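> Let me give you the structure first, and then I'll get to my questions.
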Amino acid sequence: MRKIVLYASIAFASGVLFVNIYNSIVNAVDWESNIPESITAAKNFFKPANPGTYFQIFSPATQLLTLLALVFYWKKGPSIRLFLGLALIFYIAADLLTFIYFHPRNDILFLSEQLADTATLKKLASEWSSMNWVRSFIVFVGLIFSFLSLDKIFSVK
């Protein structure tokens, strides 16, 4: 059971990372391609569901599974505890960045009734695109710590 929780945590975190990278490589490039038309098209496309729909499920699930793994492996060793704790901190940090930085921009870019002026949209889309790589890196660091904990678990006798 403990291993399954840890493996699931890593799988979910990997999914969060790769969907986030997909957003940078595909969606953000499309959004920035022909502003304001591209933003209008994205708003229309994302009406029934948007990337946030995915992250609202898998980000909390990743954090919950990592927390459970931390609890399950708490007594297994201090380095395992440290690595799982750091992984959890990085996964939470990525979500905090999402709420503090990305949600206000998403609201202006995709949820507001009236589009902002073109210069504002270009600035926000560019900022979103750049910072999404930072957010991806934060999740990647969390994944490194998750894998380090997994390595320690298998190397502890």
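Residue numbers start at 1 in each chain; chains themselves are named A, B, ... in the order of the structure tokens; ligands are numbered from 1 in the order shown.
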If we count only C-alpha atoms and set the cut-off at 12 Å, which residues sit around stretch 48-50 of chain A, ignoring sequence neighbours fewer than 5 positions away in its own chain? Please answer as a VMD selection string.

chain A and resid 19 23 27 42 to 43 55 to 56 106 110 to 111

> Name the residues in contact with A:Gly85 at a cut-off of 10 Å, using only C-alpha atoms, excluding same-chain residues fewer than 5 positions from it; report them as JSON, numbers by chain.

{"A": [66, 67, 69, 70, 71, 74, 79, 80, 90, 91, 142, 145, 146, 149]}

> Could the residues in this selection be saved with N, CA and C atoms as a short mmCIF file (atom, residue, chain, number, x, y, z; two decimals), in the first residue's frame?


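Generated output (part_9.cif):
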data_model
loop_
_atom_site.label_atom_id
_atom_site.label_comp_id
_atom_site.auth_asym_id
_atom_site.auth_seq_id
_atom_site.Cartn_x
_atom_site.Cartn_y
_atom_site.Cartn_z
N THR A 66 1.30 12.77 -1.77
CA THR A 66 2.64 13.02 -1.23
C THR A 66 2.59 13.13 0.29
N LEU A 67 1.57 13.77 0.81
CA LEU A 67 1.40 13.86 2.26
C LEU A 67 1.20 12.46 2.86
N ALA A 69 2.24 9.64 1.59
CA ALA A 69 3.53 8.95 1.50
C ALA A 69 4.46 9.42 2.62
N LEU A 70 4.44 10.70 2.91
CA LEU A 70 5.25 11.24 4.00
C LEU A 70 4.84 10.61 5.33
N VAL A 71 3.56 10.49 5.57
CA VAL A 71 3.07 9.86 6.79
C VAL A 71 3.47 8.38 6.83
N TRP A 74 7.30 8.01 7.37
CA TRP A 74 7.84 8.92 8.39
C TRP A 74 8.97 8.27 9.20
N SER A 79 16.25 11.06 5.90
CA SER A 79 16.43 11.58 4.53
C SER A 79 15.16 11.35 3.71
N ILE A 80 14.48 10.24 3.93
CA ILE A 80 13.22 9.98 3.22
C ILE A 80 12.18 11.01 3.63
N PHE A 90 7.36 21.85 -2.44
CA PHE A 90 7.45 22.36 -3.82
C PHE A 90 6.12 22.22 -4.56
N TYR A 91 5.39 21.12 -4.33
CA TYR A 91 4.08 20.98 -4.97
C TYR A 91 3.10 22.04 -4.47
N GLY A 142 10.16 19.40 -7.20
CA GLY A 142 9.38 18.52 -6.33
C GLY A 142 9.48 17.07 -6.77
N PHE A 145 12.77 15.53 -5.75
CA PHE A 145 12.74 15.11 -4.34
C PHE A 145 11.90 13.85 -4.14
N SER A 146 10.81 13.72 -4.87
CA SER A 146 10.01 12.49 -4.78
C SER A 146 10.82 11.29 -5.24
N SER A 149 13.42 10.36 -2.68
CA SER A 149 12.84 9.58 -1.57
C SER A 149 12.63 8.14 -2.00
#

> Using only C-alpha atoms, which residues sit within 12 Å of A:Phe154 once same-chain residues fewer than 2 positions away are excluded, as a list in words?

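Skipping anything fewer than 2 positions along the chain leaves Lys3, Tyr73, Lys76, Gly77, Ile80, Phe147, Leu148, Ser149, Leu150, Asp151, Lys152, Val156 and Lys157 of chain A.
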
> Would you mind reading off the distance between atom CA of A:Ile144 and atom CA of A:Leu84, one decimal, in Å?

9.9 Å

> Kindly indicate which residue among A:Ile138, A:Leu115, A:Val16, A:Ile153 lies nearest to A:Thr62, using only C-alpha atoms for the distances.

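Answer, going by the shortest atom-to-atom distance: A:Val16.
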
> Would you please work out which residue, of A:Thr120, A:Asn20, A:Val141, A:Gln63, is nearest to A:Phe83 when using only C-alpha atoms?

A:Val141

> Can you measure atom CA of A:Ala61 to atom CA of A:Ser24 for me? One decimal in Å is fine.

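Going from atom CA of A:Ala61 over to atom CA of A:Ser24 covers 22.0 Å.
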
> Residues within 12 Å of stretch 98-104 of chain A, please, as a PDB file with all heavy atoms, in the first residue's frame. Count only C-alpha atoms; anything in the same chain fewer than 4 positions from it doesn't count.


ATOM      1  N   ASN A  20       1.567  20.890 -17.662  1.00  0.00           N
ATOM      2  CA  ASN A  20       2.028  22.260 -17.534  1.00  0.00           C
ATOM      3  C   ASN A  20       2.986  22.623 -18.676  1.00  0.00           C
ATOM      4  O   ASN A  20       2.902  23.709 -19.255  1.00  0.00           O
ATOM      5  CB  ASN A  20       2.706  22.453 -16.168  1.00  0.00           C
ATOM      6  CG  ASN A  20       2.512  23.831 -15.637  1.00  0.00           C
ATOM      7  OD1 ASN A  20       1.427  24.395 -15.726  1.00  0.00           O
ATOM      8  ND2 ASN A  20       3.567  24.387 -15.089  1.00  0.00           N
ATOM      9  N   GLY A  52      -7.345  24.446 -16.266  1.00  0.00           N
ATOM     10  CA  GLY A  52      -7.571  24.511 -14.828  1.00  0.00           C
ATOM     11  C   GLY A  52      -8.444  23.370 -14.328  1.00  0.00           C
ATOM     12  O   GLY A  52      -8.299  22.915 -13.191  1.00  0.00           O
ATOM     13  N   PHE A  55      -6.025  20.633 -13.563  1.00  0.00           N
ATOM     14  CA  PHE A  55      -5.178  20.922 -12.405  1.00  0.00           C
ATOM     15  C   PHE A  55      -5.963  20.950 -11.096  1.00  0.00           C
ATOM     16  O   PHE A  55      -5.408  20.643 -10.047  1.00  0.00           O
ATOM     17  CB  PHE A  55      -4.425  22.248 -12.608  1.00  0.00           C
ATOM     18  CG  PHE A  55      -3.383  22.153 -13.686  1.00  0.00           C
ATOM     19  CD1 PHE A  55      -3.568  22.778 -14.902  1.00  0.00           C
ATOM     20  CD2 PHE A  55      -2.221  21.429 -13.483  1.00  0.00           C
ATOM     21  CE1 PHE A  55      -2.620  22.685 -15.899  1.00  0.00           C
ATOM     22  CE2 PHE A  55      -1.256  21.327 -14.468  1.00  0.00           C
ATOM     23  CZ  PHE A  55      -1.459  21.957 -15.689  1.00  0.00           C
ATOM     24  N   GLN A  56      -7.246  21.307 -11.139  1.00  0.00           N
ATOM     25  CA  GLN A  56      -8.066  21.307  -9.926  1.00  0.00           C
ATOM     26  C   GLN A  56      -8.231  19.904  -9.360  1.00  0.00           C
ATOM     27  O   GLN A  56      -8.500  19.749  -8.173  1.00  0.00           O
ATOM     28  CB  GLN A  56      -9.444  21.915 -10.220  1.00  0.00           C
ATOM     29  CG  GLN A  56      -9.412  23.391 -10.449  1.00  0.00           C
ATOM     30  CD  GLN A  56     -10.739  23.930 -10.976  1.00  0.00           C
ATOM     31  OE1 GLN A  56     -11.682  23.180 -11.212  1.00  0.00           O
ATOM     32  NE2 GLN A  56     -10.802  25.224 -11.165  1.00  0.00           N
ATOM     33  N   SER A  59      -3.583  18.477  -9.062  1.00  0.00           N
ATOM     34  CA  SER A  59      -2.666  19.152  -8.127  1.00  0.00           C
ATOM     35  C   SER A  59      -2.989  18.798  -6.672  1.00  0.00           C
ATOM     36  O   SER A  59      -2.094  18.381  -5.935  1.00  0.00           O
ATOM     37  CB  SER A  59      -2.695  20.668  -8.338  1.00  0.00           C
ATOM     38  OG  SER A  59      -2.021  20.995  -9.524  1.00  0.00           O
ATOM     39  N   TYR A  91       5.388  21.121  -4.327  1.00  0.00           N
ATOM     40  CA  TYR A  91       4.081  20.981  -4.972  1.00  0.00           C
ATOM     41  C   TYR A  91       3.103  22.042  -4.466  1.00  0.00           C
ATOM     42  O   TYR A  91       2.333  22.616  -5.249  1.00  0.00           O
ATOM     43  CB  TYR A  91       3.504  19.581  -4.736  1.00  0.00           C
ATOM     44  CG  TYR A  91       4.355  18.458  -5.297  1.00  0.00           C
ATOM     45  CD1 TYR A  91       4.387  17.226  -4.663  1.00  0.00           C
ATOM     46  CD2 TYR A  91       5.124  18.623  -6.444  1.00  0.00           C
ATOM     47  CE1 TYR A  91       5.164  16.178  -5.166  1.00  0.00           C
ATOM     48  CE2 TYR A  91       5.904  17.599  -6.946  1.00  0.00           C
ATOM     49  CZ  TYR A  91       5.918  16.375  -6.306  1.00  0.00           C
ATOM     50  OH  TYR A  91       6.683  15.348  -6.796  1.00  0.00           O
ATOM     51  N   ILE A  92       3.152  22.318  -3.179  1.00  0.00           N
ATOM     52  CA  ILE A  92       2.294  23.369  -2.614  1.00  0.00           C
ATOM     53  C   ILE A  92       2.719  24.737  -3.136  1.00  0.00           C
ATOM     54  O   ILE A  92       1.876  25.580  -3.459  1.00  0.00           O
ATOM     55  CB  ILE A  92       2.306  23.313  -1.074  1.00  0.00           C
ATOM     56  CG1 ILE A  92       1.590  22.047  -0.590  1.00  0.00           C
ATOM     57  CG2 ILE A  92       1.663  24.553  -0.466  1.00  0.00           C
ATOM     58  CD1 ILE A  92       1.742  21.756   0.894  1.00  0.00           C
ATOM     59  N   ALA A  93       4.034  24.960  -3.243  1.00  0.00           N
ATOM     60  CA  ALA A  93       4.538  26.245  -3.755  1.00  0.00           C
ATOM     61  C   ALA A  93       4.046  26.496  -5.178  1.00  0.00           C
ATOM     62  O   ALA A  93       3.681  27.630  -5.528  1.00  0.00           O
ATOM     63  CB  ALA A  93       6.063  26.271  -3.704  1.00  0.00           C
ATOM     64  N   ALA A  94       4.008  25.462  -5.994  1.00  0.00           N
ATOM     65  CA  ALA A  94       3.508  25.620  -7.366  1.00  0.00           C
ATOM     66  C   ALA A  94       2.038  26.046  -7.354  1.00  0.00           C
ATOM     67  O   ALA A  94       1.623  26.902  -8.140  1.00  0.00           O
ATOM     68  CB  ALA A  94       3.681  24.322  -8.149  1.00  0.00           C
ATOM     69  N   ILE A 108      -8.278  38.040 -16.184  1.00  0.00           N
ATOM     70  CA  ILE A 108      -8.253  39.136 -17.155  1.00  0.00           C
ATOM     71  C   ILE A 108      -8.208  38.596 -18.578  1.00  0.00           C
ATOM     72  O   ILE A 108      -8.931  39.071 -19.463  1.00  0.00           O
ATOM     73  CB  ILE A 108      -7.061  40.080 -16.892  1.00  0.00           C
ATOM     74  CG1 ILE A 108      -7.229  40.769 -15.542  1.00  0.00           C
ATOM     75  CG2 ILE A 108      -6.924  41.113 -18.011  1.00  0.00           C
ATOM     76  CD1 ILE A 108      -5.985  41.498 -15.048  1.00  0.00           C
ATOM     77  N   LEU A 109      -7.363  37.585 -18.804  1.00  0.00           N
ATOM     78  CA  LEU A 109      -7.204  37.060 -20.164  1.00  0.00           C
ATOM     79  C   LEU A 109      -8.428  36.288 -20.647  1.00  0.00           C
ATOM     80  O   LEU A 109      -8.854  36.462 -21.792  1.00  0.00           O
ATOM     81  CB  LEU A 109      -5.974  36.142 -20.232  1.00  0.00           C
ATOM     82  CG  LEU A 109      -4.611  36.808 -20.172  1.00  0.00           C
ATOM     83  CD1 LEU A 109      -3.518  35.773 -19.931  1.00  0.00           C
ATOM     84  CD2 LEU A 109      -4.337  37.576 -21.466  1.00  0.00           C
ATOM     85  N   PHE A 110      -8.989  35.434 -19.779  1.00  0.00           N
ATOM     86  CA  PHE A 110      -9.966  34.462 -20.271  1.00  0.00           C
ATOM     87  C   PHE A 110     -11.358  34.544 -19.661  1.00  0.00           C
ATOM     88  O   PHE A 110     -12.295  33.976 -20.204  1.00  0.00           O
ATOM     89  CB  PHE A 110      -9.423  33.040 -20.056  1.00  0.00           C
ATOM     90  CG  PHE A 110      -8.069  32.840 -20.645  1.00  0.00           C
ATOM     91  CD1 PHE A 110      -6.977  32.594 -19.832  1.00  0.00           C
ATOM     92  CD2 PHE A 110      -7.866  32.926 -22.011  1.00  0.00           C
ATOM     93  CE1 PHE A 110      -5.712  32.419 -20.364  1.00  0.00           C
ATOM     94  CE2 PHE A 110      -6.600  32.754 -22.561  1.00  0.00           C
ATOM     95  CZ  PHE A 110      -5.517  32.501 -21.733  1.00  0.00           C
ATOM     96  N   LEU A 111     -11.523  35.210 -18.537  1.00  0.00           N
ATOM     97  CA  LEU A 111     -12.820  35.186 -17.870  1.00  0.00           C
ATOM     98  C   LEU A 111     -13.573  36.510 -17.894  1.00  0.00           C
ATOM     99  O   LEU A 111     -14.779  36.525 -17.686  1.00  0.00           O
ATOM    100  CB  LEU A 111     -12.652  34.722 -16.410  1.00  0.00           C
ATOM    101  CG  LEU A 111     -12.104  33.311 -16.239  1.00  0.00           C
ATOM    102  CD1 LEU A 111     -11.935  32.981 -14.761  1.00  0.00           C
ATOM    103  CD2 LEU A 111     -12.996  32.287 -16.929  1.00  0.00           C
ATOM    104  N   SER A 112     -12.867  37.596 -18.108  1.00  0.00           N
ATOM    105  CA  SER A 112     -13.545  38.897 -18.090  1.00  0.00           C
ATOM    106  C   SER A 112     -14.496  39.015 -19.275  1.00  0.00           C
ATOM    107  O   SER A 112     -14.232  38.482 -20.354  1.00  0.00           O
ATOM    108  CB  SER A 112     -12.525  40.037 -18.107  1.00  0.00           C
ATOM    109  OG  SER A 112     -11.754  39.979 -19.279  1.00  0.00           O
ATOM    110  N   LEU A 124       0.228  40.546 -20.442  1.00  0.00           N
ATOM    111  CA  LEU A 124      -0.217  39.468 -19.557  1.00  0.00           C
ATOM    112  C   LEU A 124       0.078  38.086 -20.137  1.00  0.00           C
ATOM    113  O   LEU A 124       0.510  37.183 -19.417  1.00  0.00           O
ATOM    114  CB  LEU A 124      -1.710  39.602 -19.263  1.00  0.00           C
ATOM    115  CG  LEU A 124      -2.130  40.801 -18.415  1.00  0.00           C
ATOM    116  CD1 LEU A 124      -3.647  40.876 -18.318  1.00  0.00           C
ATOM    117  CD2 LEU A 124      -1.507  40.729 -17.044  1.00  0.00           C
ATOM    118  N   ALA A 125      -0.146  37.919 -21.425  1.00  0.00           N
ATOM    119  CA  ALA A 125       0.121  36.622 -22.059  1.00  0.00           C
ATOM    120  C   ALA A 125       1.614  36.297 -22.017  1.00  0.00           C
ATOM    121  O   ALA A 125       2.006  35.164 -21.743  1.00  0.00           O
ATOM    122  CB  ALA A 125      -0.393  36.620 -23.498  1.00  0.00           C
ATOM    123  N   SER A 126       2.433  37.294 -22.249  1.00  0.00           N
ATOM    124  CA  SER A 126       3.887  37.096 -22.192  1.00  0.00           C
ATOM    125  C   SER A 126       4.342  36.750 -20.776  1.00  0.00           C
ATOM    126  O   SER A 126       5.155  35.837 -20.571  1.00  0.00           O
ATOM    127  CB  SER A 126       4.599  38.356 -22.693  1.00  0.00           C
ATOM    128  OG  SER A 126       5.984  38.218 -22.544  1.00  0.00           O
ATOM    129  N   GLU A 127       3.820  37.487 -19.794  1.00  0.00           N
ATOM    130  CA  GLU A 127       4.155  37.198 -18.396  1.00  0.00           C
ATOM    131  C   GLU A 127       3.697  35.789 -18.011  1.00  0.00           C
ATOM    132  O   GLU A 127       4.423  35.047 -17.344  1.00  0.00           O
ATOM    133  CB  GLU A 127       3.486  38.218 -17.469  1.00  0.00           C
ATOM    134  CG  GLU A 127       4.047  39.607 -17.557  1.00  0.00           C
ATOM    135  CD  GLU A 127       3.228  40.623 -16.767  1.00  0.00           C
ATOM    136  OE1 GLU A 127       2.130  40.290 -16.257  1.00  0.00           O
ATOM    137  OE2 GLU A 127       3.691  41.778 -16.680  1.00  0.00           O
ATOM    138  N   TRP A 128       2.503  35.432 -18.437  1.00  0.00           N
ATOM    139  CA  TRP A 128       1.965  34.107 -18.137  1.00  0.00           C
ATOM    140  C   TRP A 128       2.888  33.040 -18.704  1.00  0.00           C
ATOM    141  O   TRP A 128       3.255  32.084 -18.019  1.00  0.00           O
ATOM    142  CB  TRP A 128       0.565  33.979 -18.740  1.00  0.00           C
ATOM    143  CG  TRP A 128      -0.219  32.810 -18.250  1.00  0.00           C
ATOM    144  CD1 TRP A 128      -1.244  32.854 -17.358  1.00  0.00           C
ATOM    145  CD2 TRP A 128      -0.071  31.431 -18.609  1.00  0.00           C
ATOM    146  NE1 TRP A 128      -1.726  31.580 -17.136  1.00  0.00           N
ATOM    147  CE2 TRP A 128      -1.016  30.692 -17.890  1.00  0.00           C
ATOM    148  CE3 TRP A 128       0.787  30.747 -19.463  1.00  0.00           C
ATOM    149  CZ2 TRP A 128      -1.149  29.315 -18.001  1.00  0.00           C
ATOM    150  CZ3 TRP A 128       0.675  29.370 -19.568  1.00  0.00           C
ATOM    151  CH2 TRP A 128      -0.296  28.675 -18.844  1.00  0.00           C
ATOM    152  N   SER A 129       3.271  33.213 -19.949  1.00  0.00           N
ATOM    153  CA  SER A 129       4.108  32.235 -20.632  1.00  0.00           C
ATOM    154  C   SER A 129       5.461  32.064 -19.940  1.00  0.00           C
ATOM    155  O   SER A 129       5.917  30.941 -19.708  1.00  0.00           O
ATOM    156  CB  SER A 129       4.305  32.669 -22.088  1.00  0.00           C
ATOM    157  OG  SER A 129       5.053  31.718 -22.786  1.00  0.00           O
ATOM    158  N   SER A 130       6.093  33.160 -19.598  1.00  0.00           N
ATOM    159  CA  SER A 130       7.405  33.095 -18.935  1.00  0.00           C
ATOM    160  C   SER A 130       7.307  32.446 -17.565  1.00  0.00           C
ATOM    161  O   SER A 130       8.114  31.572 -17.215  1.00  0.00           O
ATOM    162  CB  SER A 130       7.992  34.496 -18.791  1.00  0.00           C
ATOM    163  OG  SER A 130       8.219  35.074 -20.050  1.00  0.00           O
ATOM    164  N   MET A 131       6.343  32.854 -16.792  1.00  0.00           N
ATOM    165  CA  MET A 131       6.223  32.333 -15.429  1.00  0.00           C
ATOM    166  C   MET A 131       5.742  30.885 -15.395  1.00  0.00           C
ATOM    167  O   MET A 131       5.992  30.177 -14.425  1.00  0.00           O
ATOM    168  CB  MET A 131       5.302  33.227 -14.589  1.00  0.00           C
ATOM    169  CG  MET A 131       5.945  34.522 -14.159  1.00  0.00           C
ATOM    170  SD  MET A 131       7.448  34.304 -13.185  1.00  0.00           S
ATOM    171  CE  MET A 131       6.760  33.663 -11.659  1.00  0.00           C
ATOM    172  N   ASN A 132       5.088  30.439 -16.457  1.00  0.00           N
ATOM    173  CA  ASN A 132       4.669  29.042 -16.465  1.00  0.00           C
ATOM    174  C   ASN A 132       5.879  28.116 -16.504  1.00  0.00           C
ATOM    175  O   ASN A 132       5.834  27.013 -15.955  1.00  0.00           O
ATOM    176  CB  ASN A 132       3.725  28.751 -17.631  1.00  0.00           C
ATOM    177  CG  ASN A 132       2.951  27.478 -17.400  1.00  0.00           C
ATOM    178  OD1 ASN A 132       2.364  27.283 -16.336  1.00  0.00           O
ATOM    179  ND2 ASN A 132       2.964  26.598 -18.382  1.00  0.00           N
ATOM    180  N   VAL A 134       8.630  28.807 -14.946  1.00  0.00           N
ATOM    181  CA  VAL A 134       9.076  28.819 -13.540  1.00  0.00           C
ATOM    182  C   VAL A 134       8.237  27.834 -12.736  1.00  0.00           C
ATOM    183  O   VAL A 134       8.761  27.044 -11.946  1.00  0.00           O
ATOM    184  CB  VAL A 134       8.999  30.245 -12.948  1.00  0.00           C
ATOM    185  CG1 VAL A 134       9.269  30.242 -11.454  1.00  0.00           C
ATOM    186  CG2 VAL A 134       9.943  31.188 -13.687  1.00  0.00           C
ATOM    187  N   ARG A 135       6.943  27.882 -12.939  1.00  0.00           N
ATOM    188  CA  ARG A 135       6.052  26.959 -12.232  1.00  0.00           C
ATOM    189  C   ARG A 135       6.380  25.509 -12.594  1.00  0.00           C
ATOM    190  O   ARG A 135       6.414  24.638 -11.714  1.00  0.00           O
ATOM    191  CB  ARG A 135       4.587  27.281 -12.567  1.00  0.00           C
ATOM    192  CG  ARG A 135       3.604  26.373 -11.896  1.00  0.00           C
ATOM    193  CD  ARG A 135       2.174  26.827 -12.018  1.00  0.00           C
ATOM    194  NE  ARG A 135       1.748  27.106 -13.375  1.00  0.00           N
ATOM    195  CZ  ARG A 135       0.516  27.472 -13.707  1.00  0.00           C
ATOM    196  NH1 ARG A 135      -0.403  27.607 -12.775  1.00  0.00           N
ATOM    197  NH2 ARG A 135       0.200  27.718 -14.951  1.00  0.00           N
ATOM    198  N   SER A 136       6.652  25.249 -13.844  1.00  0.00           N
ATOM    199  CA  SER A 136       7.044  23.898 -14.261  1.00  0.00           C
ATOM    200  C   SER A 136       8.329  23.466 -13.571  1.00  0.00           C
ATOM    201  O   SER A 136       8.458  22.310 -13.139  1.00  0.00           O
ATOM    202  CB  SER A 136       7.233  23.840 -15.781  1.00  0.00           C
ATOM    203  OG  SER A 136       6.018  24.073 -16.443  1.00  0.00           O
ATOM    204  N   ILE A 138       9.408  24.460 -10.674  1.00  0.00           N
ATOM    205  CA  ILE A 138       9.094  24.195  -9.268  1.00  0.00           C
ATOM    206  C   ILE A 138       8.535  22.773  -9.112  1.00  0.00           C
ATOM    207  O   ILE A 138       8.944  22.026  -8.218  1.00  0.00           O
ATOM    208  CB  ILE A 138       8.117  25.251  -8.710  1.00  0.00           C
ATOM    209  CG1 ILE A 138       8.811  26.611  -8.621  1.00  0.00           C
ATOM    210  CG2 ILE A 138       7.559  24.836  -7.351  1.00  0.00           C
ATOM    211  CD1 ILE A 138       7.875  27.781  -8.353  1.00  0.00           C
ATOM    212  N   VAL A 139       7.617  22.387  -9.976  1.00  0.00           N
ATOM    213  CA  VAL A 139       7.061  21.029  -9.920  1.00  0.00           C
ATOM    214  C   VAL A 139       8.157  20.003 -10.229  1.00  0.00           C
ATOM    215  O   VAL A 139       8.233  18.944  -9.590  1.00  0.00           O
ATOM    216  CB  VAL A 139       5.861  20.870 -10.879  1.00  0.00           C
ATOM    217  CG1 VAL A 139       5.363  19.426 -10.911  1.00  0.00           C
ATOM    218  CG2 VAL A 139       4.728  21.812 -10.486  1.00  0.00           C
TER     219      VAL A 139
END

> DSSP on the backbone, then: every residue of stretch 13-153 of chain A marked alpha helix (DSSP H), written as a PyMOL selection string.

chain A and resi 13-22+28-33+37-45+51-72+78-97+103-106+118-153

> Rounded to one decimal in Å, what is the spacing between atom CA of A:Phe137 and atom CA of A:Phe18?

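We find that atom CA of A:Phe137 and atom CA of A:Phe18 lie 10.9 Å from each other.
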